[in-house]
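Colleague: Let me give you the structure first, and then I'll get to my questions.
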Amino acid sequence: MSVAINHQKIKNNIIHACRRVDRQPEEVTMIGVTKYVDIKRANEVVDVGISHLAENRLEGFLDKYDSLPDDITWHFIGSLQSRKVKDLINKVDYIHSLDRKSLAKEINKRAEKVIPCFVQVNVSGEESKHGLKREDTLSFVESLSAYPNIKVVGLMTMAPHVDDEQLLRDTFRKLREIRDEIKGKEWVHAPCAYLSMGMSNDYEIAIEEGATHIRIGSTLVGSN
């Protein structure tokens with residue numbers, strides 16, 4: 001299936017999901033996750049008008065960054081090792097996986113500009129997933145005021161890969177509740193307006209629960 005056809009289906013689904021909860025499609029940013037495909041396929045994503053792309057590994061990010069157009073907005077969505085921060089921090093536009101002080105310290109040290117970051121929260125509590133515990137998130141975000149090169153623009157989570165719609169809704173709703181609490185603090189360093197949640201299998205539910213950024217991989221690009 002072509003990227004163009006897939007893209008149109010996803011756009012239609014976004015429109016319908018927004019209608020169901022009285023939202024506007026413009027409130028949702030689709031991020032094309034190109035981690036499993038080559039540069040040619042990633043270029044097809046750009047050609048259909050998607051300007052936000054994401055990678056989860058440094059090597060894949062650097063390959064695509066050097067080969068794709070300069071006007072792409074780049075998101076790094078994978079777990080980021082502190083020692084690799086220096087190689088990408090001044091090329092990436094958003095980091096979706098900030099979840100520990102050591103990483104924050106390294107980002108702040110290496111960044112030549114303010115980096116918009118999503119704090120990753122392990123809402124589901126699955127041991128296989130990275131991210132902060134729900135009860136630790138507020139204090140962690142507050143502590144990030146010590147790092148002037150970090151702006152917490154939102155929260156990110158990965159829901160369990162299951163067909164249980166209620167469990168998915170509960171996961172997304174809990175992230176929204178944490179986001180609302182942080183946003184209500186009106187911290188300058190953490191406006192926390194965004195929710196990065198929802199992937200190929202659950203993005204419509206995520207949108208209905210308030211997602212502002214959805215990370216779409218296989219449904220959009222397939223795999224190599």
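Simple scheme: letters A, B, ... for chains in structure tokens order, numbers from 1 for residues in each chain, numbers from 1 for ligands in the order shown.
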Env of Val162 (chain A): 10 Å cut, atoms = only C-alpha atoms, seq-sep filter 3 positions within chain, self excluded. Answer as a list in words.
Modeller: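 These residues fall inside the cut-off: Ala159, Glu165, Leu167, Leu168, Asn201 and Asp202 of chain A.
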Colleague: Give the helix (DSSP H, G or I) residues of region 144-190 of chain A, as assigned by DSSP on the backbone, as a PyMOL selection string.
Modeller: chain A and resi 144-146+165-185
Colleague: Restricted to C-alpha atoms, what would the selected residues look like written as a short mmCIF file (atom, residue, chain, number, x, y, z; two decimals), in the first residue's frame?
Modeller:
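Listing of part_1.cif after writing:
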```
data_model
loop_
_atom_site.label_atom_id
_atom_site.label_comp_id
_atom_site.auth_asym_id
_atom_site.auth_seq_id
_atom_site.Cartn_x
_atom_site.Cartn_y
_atom_site.Cartn_z
CA LEU A 144 13.60 20.74 35.76
CA SER A 145 13.40 24.48 36.42
CA ALA A 146 17.09 24.14 37.29
CA GLU A 165 -10.27 -0.32 24.77
CA GLN A 166 -11.08 0.58 28.36
CA LEU A 167 -7.52 -0.08 29.48
CA LEU A 168 -6.22 2.11 26.67
CA ARG A 169 -8.64 4.89 27.56
CA ASP A 170 -7.68 4.70 31.22
CA THR A 171 -3.98 4.96 30.33
CA PHE A 172 -4.47 8.00 28.12
CA ARG A 173 -6.88 9.63 30.56
CA LYS A 174 -4.43 9.28 33.42
CA LEU A 175 -1.70 10.98 31.40
CA ARG A 176 -4.09 13.82 30.61
CA GLU A 177 -4.90 14.21 34.30
CA ILE A 178 -1.21 14.48 35.17
CA ARG A 179 -0.72 16.96 32.34
CA ASP A 180 -3.61 19.08 33.56
CA GLU A 181 -2.17 19.16 37.07
CA ILE A 182 1.23 20.31 35.83
CA LYS A 183 -0.28 22.82 33.41
CA GLY A 184 -2.29 24.27 36.29
CA LYS A 185 0.92 25.09 38.13
#
```
Colleague: As a ChimeraX atom specification, please: every residue in region 41-221 of chain A that DSSP puts in strand (DSSP E).
Modeller: /A:52-55,73-76,94-98,115-120,150-156,194-196,213-216
Colleague: May I ask which of the residues A:Glu208, A:Asp63, A:Glu106, A:Asp99 is the closest one to Val28 (chain A), counting only C-alpha atoms?
Modeller: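 When distances to Val28 (chain A) are compared using only C-alpha atoms, the smallest one comes from A:Glu208.
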Colleague: Could you produce a table of the residues of region 36-119 of chain A lying within 8 Å of region 209-223 of chain A, with the nearest pair of atoms per residue and their separation in Å rounded to one decimal, using only C-alpha atoms, ordered by chain and increasing residue number, as JSON lines?
Modeller:
```
{"residue": "A:Tyr36", "atom": "CA", "partner": "A:Ser223", "partner_atom": "CA", "distance": 5.5}
{"residue": "A:Val37", "atom": "CA", "partner": "A:Ser223", "partner_atom": "CA", "distance": 5.5}
{"residue": "A:Arg41", "atom": "CA", "partner": "A:Val221", "partner_atom": "CA", "distance": 7.1}
{"residue": "A:Ala42", "atom": "CA", "partner": "A:Val221", "partner_atom": "CA", "distance": 7.7}
{"residue": "A:Val45", "atom": "CA", "partner": "A:Val221", "partner_atom": "CA", "distance": 7.4}
{"residue": "A:Ala54", "atom": "CA", "partner": "A:Arg215", "partner_atom": "CA", "distance": 7.8}
```
Colleague: Mind giving me the straight-line distance from CA of Cys117 (chain A) to CA of Ser200 (chain A) in Å, one decimal?
Modeller: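 If I compute the distance from CA of Cys117 (chain A) to CA of Ser200 (chain A), I get 22.0 Å.
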Colleague: Residues within 9 Å of Arg110 (chain A), please, as a list in words. Count only C-alpha atoms; anything in the same chain fewer than 2 positions from it doesn't count.
Modeller: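 Selected residues are Val85, Lys86, Ile89, Asn90, Lys105, Glu106, Ile107, Asn108, Glu112 and Asn149 of chain A.
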Colleague: Need the shell around Lys35 (chain A): protein/DNA/RNA residues with any atom at most 7 Å away, counting only C-alpha atoms. Skip same-chain ones fewer than 3 positions apart. Format as a list of chain:residue names?
Modeller: A:Glu55, A:Asn56, A:Gly60
Colleague: I want to know what sits within 9 Å of Phe140 (chain A), based on only C-alpha atoms, with residues of the same chain fewer than 4 positions away left out; could you give that as a list in words?
Modeller: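 The filter keeps Asp99, Arg100, Lys101, Val119, Leu132, Asp136 and Leu144 of chain A.
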Colleague: At a cut-off of 8 Å, can you tabulate as a Markdown table every residue of region 158-220 of chain A near region 12-22 of chain A together with its closest atom pair and the distance in Å to one decimal, using only C-alpha atoms and ordering rows by chain then number?
Modeller:
```
| residue | atom | partner | partner_atom | distance |
| --- | --- | --- | --- | --- |
| A:Glu204 | CA | A:Ala17 | CA | 5.6 |
| A:Ile205 | CA | A:Ala17 | CA | 7.6 |
| A:Ile207 | CA | A:Ala17 | CA | 6.4 |
| A:Glu208 | CA | A:Val21 | CA | 5.9 |
```
Colleague: Quick one: everything within 10 Å of Lys40 (chain A), counting only C-alpha atoms, minus sequence neighbours fewer than 5 positions away in the same chain. Send it as number ranges by chain.
Modeller: A: 45, 64, 67-68
Colleague: Please produce an output containing N, CA and C atoms for each residue in the selection, written as a compact mmCIF listing (two decimals), in the first residue's frame.
Modeller:
```txt
# COMPACT_ATOMS: atom_id res chain seq x y z
N VAL A 45 7.06 9.78 2.70
CA VAL A 45 6.29 10.41 3.79
C VAL A 45 6.36 11.93 3.65
N LYS A 64 18.87 9.75 8.46
CA LYS A 64 17.74 10.44 7.85
C LYS A 64 17.93 11.96 7.89
N SER A 67 19.98 13.08 5.06
CA SER A 67 19.52 12.73 3.72
C SER A 67 18.20 13.36 3.32
N LEU A 68 17.41 13.80 4.30
CA LEU A 68 16.08 14.33 4.01
C LEU A 68 16.09 15.85 4.03
```
